[in-house]
$ cat entry-v3.cif   # mmCIF, C-alpha atoms
data_coords
#
loop_
_atom_site.label_atom_id
_atom_site.label_comp_id
_atom_site.auth_asym_id
_atom_site.auth_seq_id
_atom_site.Cartn_x
_atom_site.Cartn_y
_atom_site.Cartn_z
CA MET D 225 0.00 0.00 0.00
CA THR D 226 2.62 2.50 1.09
CA VAL D 227 4.89 1.45 -1.76
CA ALA D 228 2.10 1.98 -4.29
CA LEU D 229 1.37 5.39 -2.76
CA GLU D 230 5.03 6.40 -2.85
CA LEU D 231 5.36 5.20 -6.42
CA ALA D 232 2.28 7.17 -7.45
CA LEU D 233 3.71 10.25 -5.73
CA VAL D 234 7.04 9.92 -7.52
CA VAL D 235 5.32 9.49 -10.88
CA PHE D 236 3.13 12.52 -10.14
CA VAL D 237 6.06 14.70 -9.07
CA VAL D 238 8.28 13.69 -11.99
CA SER D 239 5.53 14.21 -14.56
CA THR D 240 4.55 17.61 -13.16
CA ALA D 241 8.23 18.61 -13.12
CA VAL D 242 8.61 17.62 -16.79
CA ALA D 243 5.34 19.39 -17.64
CA THR D 244 6.59 22.55 -15.92
CA ALA D 245 9.65 22.50 -18.12
CA VAL D 246 8.00 21.76 -21.46
CA LEU D 247 4.73 23.72 -21.31
CA ARG D 248 4.92 26.87 -23.40
CA ASP D 249 2.12 28.79 -21.71
CA ILE D 250 3.74 30.30 -18.64
CA VAL D 251 0.52 30.46 -16.60
CA ALA D 252 -0.08 26.75 -17.23
CA SER D 253 3.54 26.15 -16.27
CA ILE D 254 3.06 27.96 -12.95
CA ALA D 255 -0.13 26.00 -12.23
CA VAL D 256 1.64 22.69 -12.86
CA PHE D 257 4.56 23.86 -10.75
CA ALA D 258 2.17 24.47 -7.85
CA ALA D 259 0.91 20.89 -8.26
CA PHE D 260 4.55 19.74 -8.25
CA SER D 261 5.16 21.56 -4.95
CA LEU D 262 2.06 19.99 -3.43
CA GLY D 263 3.29 16.53 -4.50
CA ILE D 264 6.73 17.21 -3.02
CA SER D 265 5.14 18.36 0.23
CA VAL D 266 3.28 15.04 0.50
CA ILE D 267 6.60 13.27 -0.14
CA TRP D 268 8.14 15.24 2.75
CA LEU D 269 5.25 14.01 4.89
CA VAL D 270 5.91 10.41 3.80
CA LEU D 271 9.57 10.95 4.73
CA GLN D 272 8.35 12.09 8.16
CA ALA D 273 9.46 15.70 7.84
CA PRO D 274 6.22 17.56 8.71
CA ASP D 275 7.97 20.90 9.28
CA VAL D 276 9.39 20.85 5.76
CA ALA D 277 6.07 19.58 4.35
CA LEU D 278 4.22 22.49 5.93
CA THR D 279 6.71 24.98 4.50
CA GLU D 280 6.66 23.39 1.06
CA ALA D 281 2.86 23.38 0.90
CA ALA D 282 2.52 26.97 2.11
CA VAL D 283 5.48 28.57 0.34
CA GLY D 284 6.03 26.35 -2.69
CA ALA D 285 2.45 25.59 -3.65
CA GLY D 286 0.82 28.73 -2.24
CA ILE D 287 2.90 31.86 -2.03
CA MET D 288 5.38 31.18 -4.84
CA SER D 289 2.59 30.45 -7.34
CA VAL D 290 0.74 33.61 -6.35
CA LEU D 291 3.84 35.80 -6.60
CA LEU D 292 4.79 34.27 -9.95
CA LEU D 293 1.23 34.70 -11.30
CA VAL D 294 1.05 38.31 -10.14
CA THR D 295 4.41 39.01 -11.78
CA VAL D 296 3.35 37.35 -15.02
CA ALA D 297 0.09 39.32 -15.02
CA LYS D 298 2.19 42.49 -14.78
CA THR D 299 4.62 41.50 -17.52
CA ALA D 300 4.20 39.71 -20.81
CA ARG D 301 2.85 36.32 -21.69
CA ALA D 302 4.42 34.07 -24.29
CA SER D 303 2.72 34.02 -27.65
CA ASP D 304 0.92 30.77 -28.22
CA GLU D 305 2.57 28.68 -30.94
CA GLY D 306 1.82 25.14 -29.90
CA ALA D 307 1.41 23.85 -26.36
CA LEU D 308 4.96 22.61 -25.79
CA VAL D 309 8.34 24.22 -26.14
CA SER D 310 10.76 22.63 -28.57
CA VAL D 311 13.39 20.63 -26.74
CA ASN D 312 17.05 20.98 -27.61
CA PRO D 313 18.27 17.38 -28.10
CA ARG D 314 21.80 18.13 -26.86
CA ALA D 315 20.47 19.79 -23.71
CA LEU D 316 18.18 16.80 -23.21
CA ALA D 317 21.15 14.44 -23.56
CA ALA D 318 23.15 16.46 -21.03
CA VAL D 319 20.25 16.45 -18.56
CA GLY D 320 19.76 12.71 -19.11
CA LEU D 321 23.44 12.05 -18.42
CA LEU D 322 23.32 14.11 -15.22
CA LEU D 323 20.17 12.27 -14.17
CA LEU D 324 21.90 8.94 -14.79
CA VAL D 325 24.85 9.97 -12.60
CA LEU D 326 22.52 11.14 -9.81
CA VAL D 327 20.28 8.06 -9.96
CA SER D 328 23.33 5.78 -9.87
CA THR D 329 24.02 7.04 -6.33
CA VAL D 330 20.53 6.10 -5.09
CA PRO D 331 21.30 2.40 -4.35
CA ALA D 332 24.05 3.59 -2.00
CA LEU D 333 21.54 5.48 0.16
CA PRO D 334 20.30 3.83 3.35
CA GLU D 335 16.64 2.88 3.53
CA VAL D 336 14.27 5.59 4.79
CA GLY D 337 14.25 5.52 8.59
CA SER D 338 16.93 2.83 8.68
CA GLU D 339 18.73 2.68 12.01
CA GLU D 340 22.01 2.14 10.19
CA ALA D 341 21.73 5.50 8.38
CA PRO D 342 24.84 7.58 9.14
CA ALA D 343 22.70 10.66 9.83
CA LEU D 344 20.74 8.78 12.53
CA GLN D 345 23.74 7.62 14.59
CA LYS D 346 23.54 9.07 18.06
CA THR D 347 27.14 8.31 18.89
CA VAL D 348 30.30 7.81 16.87
CA ASP D 349 33.25 6.27 18.75
CA GLY D 350 31.45 6.93 22.02
CA GLU D 351 30.95 10.63 21.31
CA LEU D 352 27.55 12.23 20.73
CA THR D 353 26.90 13.32 17.16
CA PRO D 354 24.96 16.57 16.60
CA TYR D 355 21.88 14.43 15.91
CA GLY D 356 22.42 12.46 19.10
CA TYR D 357 22.96 15.64 21.06
CA TYR D 358 19.74 17.24 19.80
CA VAL D 359 17.71 14.09 20.42
CA GLU D 360 19.13 13.54 23.89
CA GLU D 361 19.54 17.07 25.18
CA ALA D 362 17.23 19.44 23.26
CA TYR D 363 14.23 18.78 25.49
CA ASN D 364 16.19 18.90 28.74
CA GLU D 365 17.95 22.11 27.79
CA THR D 366 15.11 24.07 26.20
CA GLY D 367 11.85 22.42 27.32
CA VAL D 368 10.74 22.40 23.69
CA GLU D 369 9.13 19.18 22.45
CA ASN D 370 9.68 19.83 18.74
CA SER D 371 13.44 19.52 18.44
CA VAL D 372 13.33 21.04 14.95
CA THR D 373 12.18 24.31 16.53
CA ALA D 374 14.83 23.99 19.24
CA VAL D 375 17.56 23.58 16.62
CA LEU D 376 16.25 26.41 14.43
CA VAL D 377 15.87 29.04 17.14
CA TYR D 378 18.16 27.96 19.94
CA TYR D 379 21.13 25.99 18.62
CA ARG D 380 21.24 27.47 15.14
CA GLY D 381 19.65 30.81 16.00
CA PHE D 382 22.39 32.77 14.27
CA ASP D 383 21.53 31.09 10.96
CA THR D 384 17.84 31.77 11.47
CA PHE D 385 18.61 35.42 12.19
CA GLY D 386 20.55 35.49 8.91
CA GLU D 387 17.57 33.98 7.10
CA ALA D 388 15.21 36.54 8.56
CA THR D 389 17.61 39.29 7.50
CA VAL D 390 17.69 37.93 3.94
CA VAL D 391 13.87 37.92 3.76
CA PHE D 392 13.80 41.42 5.22
CA SER D 393 16.41 42.69 2.74
CA ALA D 394 14.46 41.17 -0.16
CA VAL D 395 11.30 43.05 0.71
CA VAL D 396 13.24 46.27 1.29
CA GLY D 397 14.66 45.89 -2.22
CA VAL D 398 11.21 45.38 -3.73
CA LEU D 399 9.88 48.26 -1.64
CA VAL D 400 12.55 50.58 -3.00
CA ALA D 401 11.96 49.40 -6.59
CA LEU D 402 8.15 49.34 -6.63
CA GLY D 403 6.93 51.15 -3.53
CA GLY D 404 8.13 54.69 -3.93
CA SER D 405 7.35 57.39 -1.44
CA ARG D 406 3.65 57.49 -2.23
CA ARG D 407 1.11 55.04 -0.92
CA TRP D 408 1.48 51.79 -2.82
CA GLY D 409 -0.07 51.72 -6.22
CA GLU D 410 -2.05 54.92 -5.86
CA GLU D 411 -2.26 56.85 -9.06
CA MET W 728 -3.44 46.41 -18.01
CA ARG W 729 -5.78 43.46 -18.34
CA ARG W 730 -8.65 43.24 -15.92
CA THR W 731 -7.56 40.71 -13.32
CA TYR W 732 -10.36 40.94 -10.77
CA PHE W 733 -13.77 39.38 -11.19
CA GLU W 734 -16.32 39.71 -8.43
CA SER W 735 -17.80 36.35 -7.49
CA PRO W 736 -20.30 35.89 -4.63
CA ILE W 737 -19.29 32.23 -4.31
CA VAL W 738 -15.61 33.02 -3.87
CA MET W 739 -16.38 35.94 -1.55
CA THR W 740 -18.65 33.84 0.68
CA THR W 741 -16.18 30.95 0.79
CA VAL W 742 -13.30 33.23 1.71
CA ARG W 743 -15.43 34.99 4.30
CA LEU W 744 -16.09 31.59 5.90
CA VAL W 745 -12.57 30.16 5.61
CA ALA W 746 -10.46 33.23 6.41
CA PRO W 747 -11.05 33.34 10.20
CA PHE W 748 -10.14 29.66 10.52
CA ALA W 749 -7.07 30.01 8.32
CA LEU W 750 -5.95 33.02 10.34
CA THR W 751 -6.46 31.10 13.57
CA TYR W 752 -4.50 28.18 12.13
CA GLY W 753 -1.64 30.55 11.23
CA ALA W 754 -1.58 31.87 14.78
CA PHE W 755 -1.76 28.32 16.13
CA VAL W 756 1.15 27.12 14.00
CA THR W 757 3.21 30.15 15.04
CA LEU W 758 2.46 29.80 18.75
CA HIS W 759 2.76 26.01 18.90
CA GLY W 760 6.04 25.61 17.06
CA ALA W 761 7.54 24.30 20.29
CA GLU W 762 5.20 21.33 20.65
CA SER W 763 4.12 20.48 17.11
CA PRO W 764 5.39 20.84 13.56
CA GLY W 765 5.61 24.38 12.33
CA GLY W 766 6.76 27.63 13.81
CA GLY W 767 7.02 31.28 12.98
CA PHE W 768 8.02 30.78 9.39
CA GLN W 769 5.17 28.43 8.48
CA GLY W 770 2.62 30.30 10.59
CA GLY W 771 3.61 33.62 9.08
CA VAL W 772 3.20 32.24 5.59
CA VAL W 773 -0.27 30.89 6.45
CA VAL W 774 -1.30 34.31 7.77
CA ALA W 775 0.03 36.01 4.64
CA ALA W 776 -1.73 33.42 2.46
CA THR W 777 -4.99 34.29 4.21
CA VAL W 778 -4.54 37.97 3.38
CA ILE W 779 -3.77 37.02 -0.23
CA THR W 780 -6.91 34.86 -0.39
CA VAL W 781 -8.95 37.80 0.86
CA ALA W 782 -7.31 39.95 -1.82
CA PHE W 783 -8.29 37.43 -4.49
CA ALA W 784 -11.90 37.45 -3.36
CA PHE W 785 -12.39 41.15 -2.70
CA GLY W 786 -9.80 42.72 -4.99
CA VAL W 787 -6.24 43.75 -4.20
CA ARG W 788 -6.83 47.51 -4.03
CA PRO W 789 -9.61 47.33 -1.39
CA THR W 790 -7.51 44.83 0.60
CA VAL W 791 -4.46 47.11 0.55
CA ASP W 792 -6.66 49.97 1.76
CA TRP W 793 -8.26 47.77 4.39
CA VAL W 794 -5.05 46.29 5.78
CA ASP W 795 -3.10 49.55 5.30
CA GLU W 796 0.44 49.14 4.01
CA ARG W 797 1.86 51.07 6.97
CA VAL W 798 0.60 48.31 9.24
CA VAL W 799 2.21 45.65 7.04
CA VAL W 800 5.54 47.47 6.97
CA GLY W 801 5.26 48.07 10.70
CA VAL W 802 4.69 44.37 11.34
CA PHE W 803 7.76 43.10 9.51
CA ALA W 804 9.99 46.00 10.55
CA GLY W 805 8.88 45.57 14.17
CA GLY W 806 9.50 41.82 13.99
CA MET W 807 12.95 42.41 12.55
CA LEU W 808 13.81 44.98 15.22
CA ALA W 809 12.59 42.70 18.01
CA PHE W 810 14.47 39.69 16.63
CA GLY W 811 17.59 41.84 16.28
CA ALA W 812 17.14 43.17 19.80
CA VAL W 813 16.97 39.63 21.21
CA THR W 814 19.96 38.55 19.12
CA VAL W 815 22.12 41.48 20.17
CA GLY W 816 20.68 41.53 23.68
CA THR W 817 21.68 37.96 24.49
CA VAL W 818 25.21 38.71 23.32
CA LEU W 819 25.34 41.91 25.41
CA LEU W 820 24.18 39.89 28.42
CA GLY W 821 27.33 37.84 28.01
CA GLY W 822 25.86 34.77 26.34
CA ALA W 823 25.91 33.19 22.93
CA VAL W 824 23.75 34.51 20.09
CA LEU W 825 20.09 33.89 20.97
CA GLN W 826 20.92 32.15 24.22
CA VAL W 827 17.40 32.99 25.33
CA ASP W 828 17.74 31.35 28.76
CA LEU W 829 19.53 34.56 29.79
CA LEU W 830 16.26 36.43 29.38
CA PRO W 831 13.89 36.72 32.32
CA VAL W 832 11.58 34.05 30.83
CA SER W 833 11.89 30.29 30.54
CA THR W 834 13.88 29.04 27.55
CA LYS W 835 10.73 27.67 26.00
CA TYR W 836 8.91 31.00 26.08
CA GLY W 837 12.04 32.77 24.87
CA ILE W 838 12.06 30.47 21.85
CA GLU W 839 8.33 31.03 21.36
CA ALA W 840 8.85 34.78 21.45
CA VAL W 841 11.49 34.52 18.73
CA GLU W 842 9.07 32.36 16.71
CA VAL W 843 6.46 35.11 16.99
CA PHE W 844 9.01 37.68 15.74
CA ILE W 845 9.88 35.40 12.81
CA GLY W 846 6.16 34.98 12.13
CA ALA W 847 5.70 38.75 12.06
CA ILE W 848 8.62 39.18 9.66
CA VAL W 849 7.45 36.46 7.28
CA ALA W 850 3.77 37.43 7.36
CA GLY W 851 4.61 41.10 6.76
CA VAL W 852 7.20 40.42 4.09
CA VAL W 853 5.08 38.00 2.06
CA THR W 854 2.03 40.27 2.27
CA SER W 855 4.15 43.26 1.21
CA LEU W 856 5.67 41.35 -1.70
CA PHE W 857 2.19 40.41 -2.90
CA PHE W 858 0.79 43.92 -2.50
CA LEU W 859 3.83 45.52 -4.12
CA LEU W 860 4.00 43.14 -7.07
CA SER W 861 0.30 43.41 -7.81
CA GLU W 862 -0.38 47.07 -6.99
CA GLY W 863 2.95 48.88 -6.76
CA GLY W 864 5.00 50.26 -9.61
CA ASP W 865 2.03 51.61 -11.55
CA GLY W 866 1.67 55.27 -12.32
CA GLU W 867 5.39 55.93 -12.18
#
$ encode --input "entry-v3.cif" --output "structure tokens"
Amino acid sequence: MTVALELALVVFVVSTAVATAVLRDIVASIAVFAAFSLGISVIWLVLQAPDVALTEAAVGAGIMSVLLLVTVAKTARASDEGALVSVNPRALAAVGLLLLVLVSTVPALPEVGSEEAPALQKTVDGELTPYGYYVEEAYNETGVENSVTAVLVYYRGFDTFGEATVVFSAVVGVLVALGGSRRWGEE
Amino acid sequence: MRRTYFESPIVMTTVRLVAPFALTYGAFVTLHGAESPGGGFQGGVVVAATVITVAFAFGVRPTVDWVDERVVVGVFAGGMLAFGAVTVGTVLLGGAVLQVDLLPVSTKYGIEAVEVFIGAIVAGVVTSLFFLLSEGGDGE
């Protein structure tokens, strides 16, 4: 059952990704891309990463699509000559080769949730790994049940501050470019 | 520019029904990042998505007027200032960056407070980006 579901998800995500690339109409492309993000967010859920799934669904499928659509509505749309873009065979070959190289590494990956996975080792040579430390100590040190939140804000707070600054700088840039001194968008 | 807004009683009624719940969910995700999946980033995005949904149903211009862009800018600028104050403050108190247990609250509530600041930044920024991209830049 789960295998069938996962397989269906992979087929869905890969086909929407290909459709995003080959569709000529940019609005259709954005719509399919939103479906792709939704599929990926379900995959994150299957991989037991609900925090990432929530972000992917909200940002990838929701906000990104809206911002892209609004931008496209403001700018031009491609003229419609056929539904699909023509594919450059050499580019396709290069992408296929890269895909082959990437897929060839998949058998080397540990099974999902496998206890032998290097990332899930709590100790290496008797010393706590970062993963082991967060699992063992995060709750005792912070009182926060969701260790993802503890890592994001407490242990890696400097990175999160950097992220917030990046988001802030982005909007300041857009504000300077499009906002002006008047109230937004008022003629 | 092409007409992009069409008034639809079905969409308006649906949004009117869904928006309060979506907004509550955004607040829930922001405030419960410590116990359950999510946090300020996800919660902020949900709040911003709610505003965008309202804008789709009732038109962007009325929504910008209703929300008031000064409020939106105030929210993300305030969040940024507060986050920066906590970041710098913990260092000035002699700790590591964001070592919130130095603050006069429990570590958990310190982390929750930072999540709320992040939520404010993200909600304000995403709403601003949407407002600016759809309404700003005209009439220059």
$ resolve_selection --input "entry-v3.cif" --expression "the PyMOL selection byres ((chain W and resi 781-792) around 10)" --output "PyMOL selection string"
(chain D and resi 290+407-410) or (chain W and resi 731-743+745-746+775-780+793-797+799+854-855+857-859+861-862)
$ interface_residues --input "entry-v3.cif" --of "chain D" --to "chain W" --cutoff "9 Å" --atoms "only C-alpha atoms" --output "count of residues only"
52
$ atom_distance --input "entry-v3.cif" --atom1 "CA of Ala847 (chain W)" --atom2 "CA of Gly805 (chain W)"
7.8 Å
$ atom_distance --input "entry-v3.cif" --atom1 "CA of Leu829 (chain W)" --atom2 "CA of Thr817 (chain W)"
6.7 Å
$ atom_distance --input "entry-v3.cif" --atom1 "CA of Leu750 (chain W)" --atom2 "CA of Ser265 (chain D)"
21.0 Å
$ axis_aligned_box --input "entry-v3.cif" --around "region 378-395 of chain D" --padding-each-side "5 Å" --output "AutoDock Vina command-line options"
--center_x 16.8 --center_y 34.5 --center_z 9.9 --size_x 21.1 --size_y 27.1 --size_z 30.1
$ residues_around --input "entry-v3.cif" --residues "region 336-347 of chain D" --least-positions-apart "4" --cutoff "10 Å" --atoms "only C-alpha atoms" --output "list of chain:residue names"
D:Val270, D:Leu271, D:Gln272, D:Glu351, D:Leu352, D:Thr353, D:Pro354, D:Tyr355, D:Gly356, D:Tyr357, D:Tyr358, D:Val359, D:Glu360
$ write_last_selection --input "entry-v3.cif" --atoms "C-alpha atoms" --output "mmCIF file, in the coordinates of the input"
data_model
loop_
_atom_site.group_PDB
_atom_site.id
_atom_site.type_symbol
_atom_site.label_atom_id
_atom_site.label_comp_id
_atom_site.auth_asym_id
_atom_site.auth_seq_id
_atom_site.Cartn_x
_atom_site.Cartn_y
_atom_site.Cartn_z
ATOM 1 C CA VAL D 270 5.910 10.410 3.800
ATOM 2 C CA LEU D 271 9.570 10.950 4.730
ATOM 3 C CA GLN D 272 8.350 12.090 8.160
ATOM 4 C CA GLU D 351 30.950 10.630 21.310
ATOM 5 C CA LEU D 352 27.550 12.230 20.730
ATOM 6 C CA THR D 353 26.900 13.320 17.160
ATOM 7 C CA PRO D 354 24.960 16.570 16.600
ATOM 8 C CA TYR D 355 21.880 14.430 15.910
ATOM 9 C CA GLY D 356 22.420 12.460 19.100
ATOM 10 C CA TYR D 357 22.960 15.640 21.060
ATOM 11 C CA TYR D 358 19.740 17.240 19.800
ATOM 12 C CA VAL D 359 17.710 14.090 20.420
ATOM 13 C CA GLU D 360 19.130 13.540 23.890
#
$ closest_residue --input "entry-v3.cif" --among "D:Leu323, D:Ile254, D:Val311, D:Leu316" --to "Ser289 (chain D)" --atoms "only C-alpha atoms"
D:Ile254
$ decode --input "entry-v3.cif" --residues "region 298-398 of chain D" --atoms "C-alpha atoms" --output "PDB file, in the first residue's frame"
ATOM      1  CA  LYS D 298       2.191  42.491 -14.784  1.00  0.00           C
ATOM      2  CA  THR D 299       4.620  41.502 -17.518  1.00  0.00           C
ATOM      3  CA  ALA D 300       4.205  39.715 -20.814  1.00  0.00           C
ATOM      4  CA  ARG D 301       2.847  36.317 -21.694  1.00  0.00           C
ATOM      5  CA  ALA D 302       4.423  34.067 -24.293  1.00  0.00           C
ATOM      6  CA  SER D 303       2.724  34.022 -27.647  1.00  0.00           C
ATOM      7  CA  ASP D 304       0.918  30.769 -28.218  1.00  0.00           C
ATOM      8  CA  GLU D 305       2.574  28.684 -30.940  1.00  0.00           C
ATOM      9  CA  GLY D 306       1.821  25.137 -29.896  1.00  0.00           C
ATOM     10  CA  ALA D 307       1.406  23.846 -26.363  1.00  0.00           C
ATOM     11  CA  LEU D 308       4.955  22.614 -25.793  1.00  0.00           C
ATOM     12  CA  VAL D 309       8.342  24.224 -26.140  1.00  0.00           C
ATOM     13  CA  SER D 310      10.760  22.627 -28.570  1.00  0.00           C
ATOM     14  CA  VAL D 311      13.393  20.625 -26.743  1.00  0.00           C
ATOM     15  CA  ASN D 312      17.045  20.981 -27.612  1.00  0.00           C
ATOM     16  CA  PRO D 313      18.274  17.376 -28.103  1.00  0.00           C
ATOM     17  CA  ARG D 314      21.798  18.125 -26.862  1.00  0.00           C
ATOM     18  CA  ALA D 315      20.472  19.786 -23.710  1.00  0.00           C
ATOM     19  CA  LEU D 316      18.176  16.801 -23.212  1.00  0.00           C
ATOM     20  CA  ALA D 317      21.146  14.437 -23.559  1.00  0.00           C
ATOM     21  CA  ALA D 318      23.152  16.464 -21.028  1.00  0.00           C
ATOM     22  CA  VAL D 319      20.253  16.447 -18.558  1.00  0.00           C
ATOM     23  CA  GLY D 320      19.761  12.706 -19.115  1.00  0.00           C
ATOM     24  CA  LEU D 321      23.442  12.053 -18.419  1.00  0.00           C
ATOM     25  CA  LEU D 322      23.324  14.112 -15.220  1.00  0.00           C
ATOM     26  CA  LEU D 323      20.167  12.271 -14.171  1.00  0.00           C
ATOM     27  CA  LEU D 324      21.900   8.943 -14.791  1.00  0.00           C
ATOM     28  CA  VAL D 325      24.845   9.968 -12.597  1.00  0.00           C
ATOM     29  CA  LEU D 326      22.524  11.135  -9.808  1.00  0.00           C
ATOM     30  CA  VAL D 327      20.284   8.063  -9.962  1.00  0.00           C
ATOM     31  CA  SER D 328      23.331   5.779  -9.871  1.00  0.00           C
ATOM     32  CA  THR D 329      24.019   7.041  -6.331  1.00  0.00           C
ATOM     33  CA  VAL D 330      20.526   6.096  -5.094  1.00  0.00           C
ATOM     34  CA  PRO D 331      21.298   2.401  -4.350  1.00  0.00           C
ATOM     35  CA  ALA D 332      24.053   3.590  -2.001  1.00  0.00           C
ATOM     36  CA  LEU D 333      21.542   5.484   0.159  1.00  0.00           C
ATOM     37  CA  PRO D 334      20.295   3.834   3.349  1.00  0.00           C
ATOM     38  CA  GLU D 335      16.641   2.884   3.527  1.00  0.00           C
ATOM     39  CA  VAL D 336      14.268   5.594   4.795  1.00  0.00           C
ATOM     40  CA  GLY D 337      14.250   5.522   8.591  1.00  0.00           C
ATOM     41  CA  SER D 338      16.930   2.832   8.684  1.00  0.00           C
ATOM     42  CA  GLU D 339      18.733   2.680  12.009  1.00  0.00           C
ATOM     43  CA  GLU D 340      22.008   2.143  10.188  1.00  0.00           C
ATOM     44  CA  ALA D 341      21.726   5.496   8.381  1.00  0.00           C
ATOM     45  CA  PRO D 342      24.836   7.585   9.136  1.00  0.00           C
ATOM     46  CA  ALA D 343      22.697  10.658   9.833  1.00  0.00           C
ATOM     47  CA  LEU D 344      20.744   8.779  12.528  1.00  0.00           C
ATOM     48  CA  GLN D 345      23.741   7.620  14.585  1.00  0.00           C
ATOM     49  CA  LYS D 346      23.544   9.066  18.060  1.00  0.00           C
ATOM     50  CA  THR D 347      27.140   8.308  18.889  1.00  0.00           C
ATOM     51  CA  VAL D 348      30.302   7.814  16.871  1.00  0.00           C
ATOM     52  CA  ASP D 349      33.246   6.270  18.750  1.00  0.00           C
ATOM     53  CA  GLY D 350      31.455   6.927  22.021  1.00  0.00           C
ATOM     54  CA  GLU D 351      30.951  10.631  21.306  1.00  0.00           C
ATOM     55  CA  LEU D 352      27.554  12.229  20.732  1.00  0.00           C
ATOM     56  CA  THR D 353      26.901  13.323  17.156  1.00  0.00           C
ATOM     57  CA  PRO D 354      24.962  16.573  16.603  1.00  0.00           C
ATOM     58  CA  TYR D 355      21.876  14.428  15.913  1.00  0.00           C
ATOM     59  CA  GLY D 356      22.422  12.456  19.096  1.00  0.00           C
ATOM     60  CA  TYR D 357      22.961  15.643  21.058  1.00  0.00           C
ATOM     61  CA  TYR D 358      19.741  17.241  19.798  1.00  0.00           C
ATOM     62  CA  VAL D 359      17.709  14.085  20.421  1.00  0.00           C
ATOM     63  CA  GLU D 360      19.131  13.535  23.888  1.00  0.00           C
ATOM     64  CA  GLU D 361      19.545  17.071  25.177  1.00  0.00           C
ATOM     65  CA  ALA D 362      17.232  19.442  23.264  1.00  0.00           C
ATOM     66  CA  TYR D 363      14.234  18.779  25.485  1.00  0.00           C
ATOM     67  CA  ASN D 364      16.190  18.902  28.742  1.00  0.00           C
ATOM     68  CA  GLU D 365      17.952  22.110  27.790  1.00  0.00           C
ATOM     69  CA  THR D 366      15.109  24.069  26.204  1.00  0.00           C
ATOM     70  CA  GLY D 367      11.854  22.421  27.319  1.00  0.00           C
ATOM     71  CA  VAL D 368      10.745  22.403  23.686  1.00  0.00           C
ATOM     72  CA  GLU D 369       9.129  19.182  22.447  1.00  0.00           C
ATOM     73  CA  ASN D 370       9.683  19.826  18.742  1.00  0.00           C
ATOM     74  CA  SER D 371      13.445  19.525  18.441  1.00  0.00           C
ATOM     75  CA  VAL D 372      13.328  21.044  14.953  1.00  0.00           C
ATOM     76  CA  THR D 373      12.181  24.315  16.527  1.00  0.00           C
ATOM     77  CA  ALA D 374      14.832  23.991  19.239  1.00  0.00           C
ATOM     78  CA  VAL D 375      17.557  23.576  16.615  1.00  0.00           C
ATOM     79  CA  LEU D 376      16.247  26.410  14.434  1.00  0.00           C
ATOM     80  CA  VAL D 377      15.868  29.037  17.138  1.00  0.00           C
ATOM     81  CA  TYR D 378      18.162  27.959  19.941  1.00  0.00           C
ATOM     82  CA  TYR D 379      21.130  25.988  18.618  1.00  0.00           C
ATOM     83  CA  ARG D 380      21.236  27.471  15.137  1.00  0.00           C
ATOM     84  CA  GLY D 381      19.649  30.814  16.001  1.00  0.00           C
ATOM     85  CA  PHE D 382      22.389  32.767  14.269  1.00  0.00           C
ATOM     86  CA  ASP D 383      21.529  31.087  10.958  1.00  0.00           C
ATOM     87  CA  THR D 384      17.839  31.775  11.473  1.00  0.00           C
ATOM     88  CA  PHE D 385      18.614  35.420  12.185  1.00  0.00           C
ATOM     89  CA  GLY D 386      20.548  35.490   8.913  1.00  0.00           C
ATOM     90  CA  GLU D 387      17.571  33.982   7.097  1.00  0.00           C
ATOM     91  CA  ALA D 388      15.205  36.539   8.562  1.00  0.00           C
ATOM     92  CA  THR D 389      17.608  39.291   7.498  1.00  0.00           C
ATOM     93  CA  VAL D 390      17.689  37.928   3.939  1.00  0.00           C
ATOM     94  CA  VAL D 391      13.874  37.920   3.758  1.00  0.00           C
ATOM     95  CA  PHE D 392      13.800  41.421   5.216  1.00  0.00           C
ATOM     96  CA  SER D 393      16.406  42.690   2.735  1.00  0.00           C
ATOM     97  CA  ALA D 394      14.457  41.168  -0.160  1.00  0.00           C
ATOM     98  CA  VAL D 395      11.300  43.054   0.706  1.00  0.00           C
ATOM     99  CA  VAL D 396      13.237  46.273   1.288  1.00  0.00           C
ATOM    100  CA  GLY D 397      14.658  45.886  -2.219  1.00  0.00           C
ATOM    101  CA  VAL D 398      11.206  45.383  -3.727  1.00  0.00           C
TER     102      VAL D 398
END
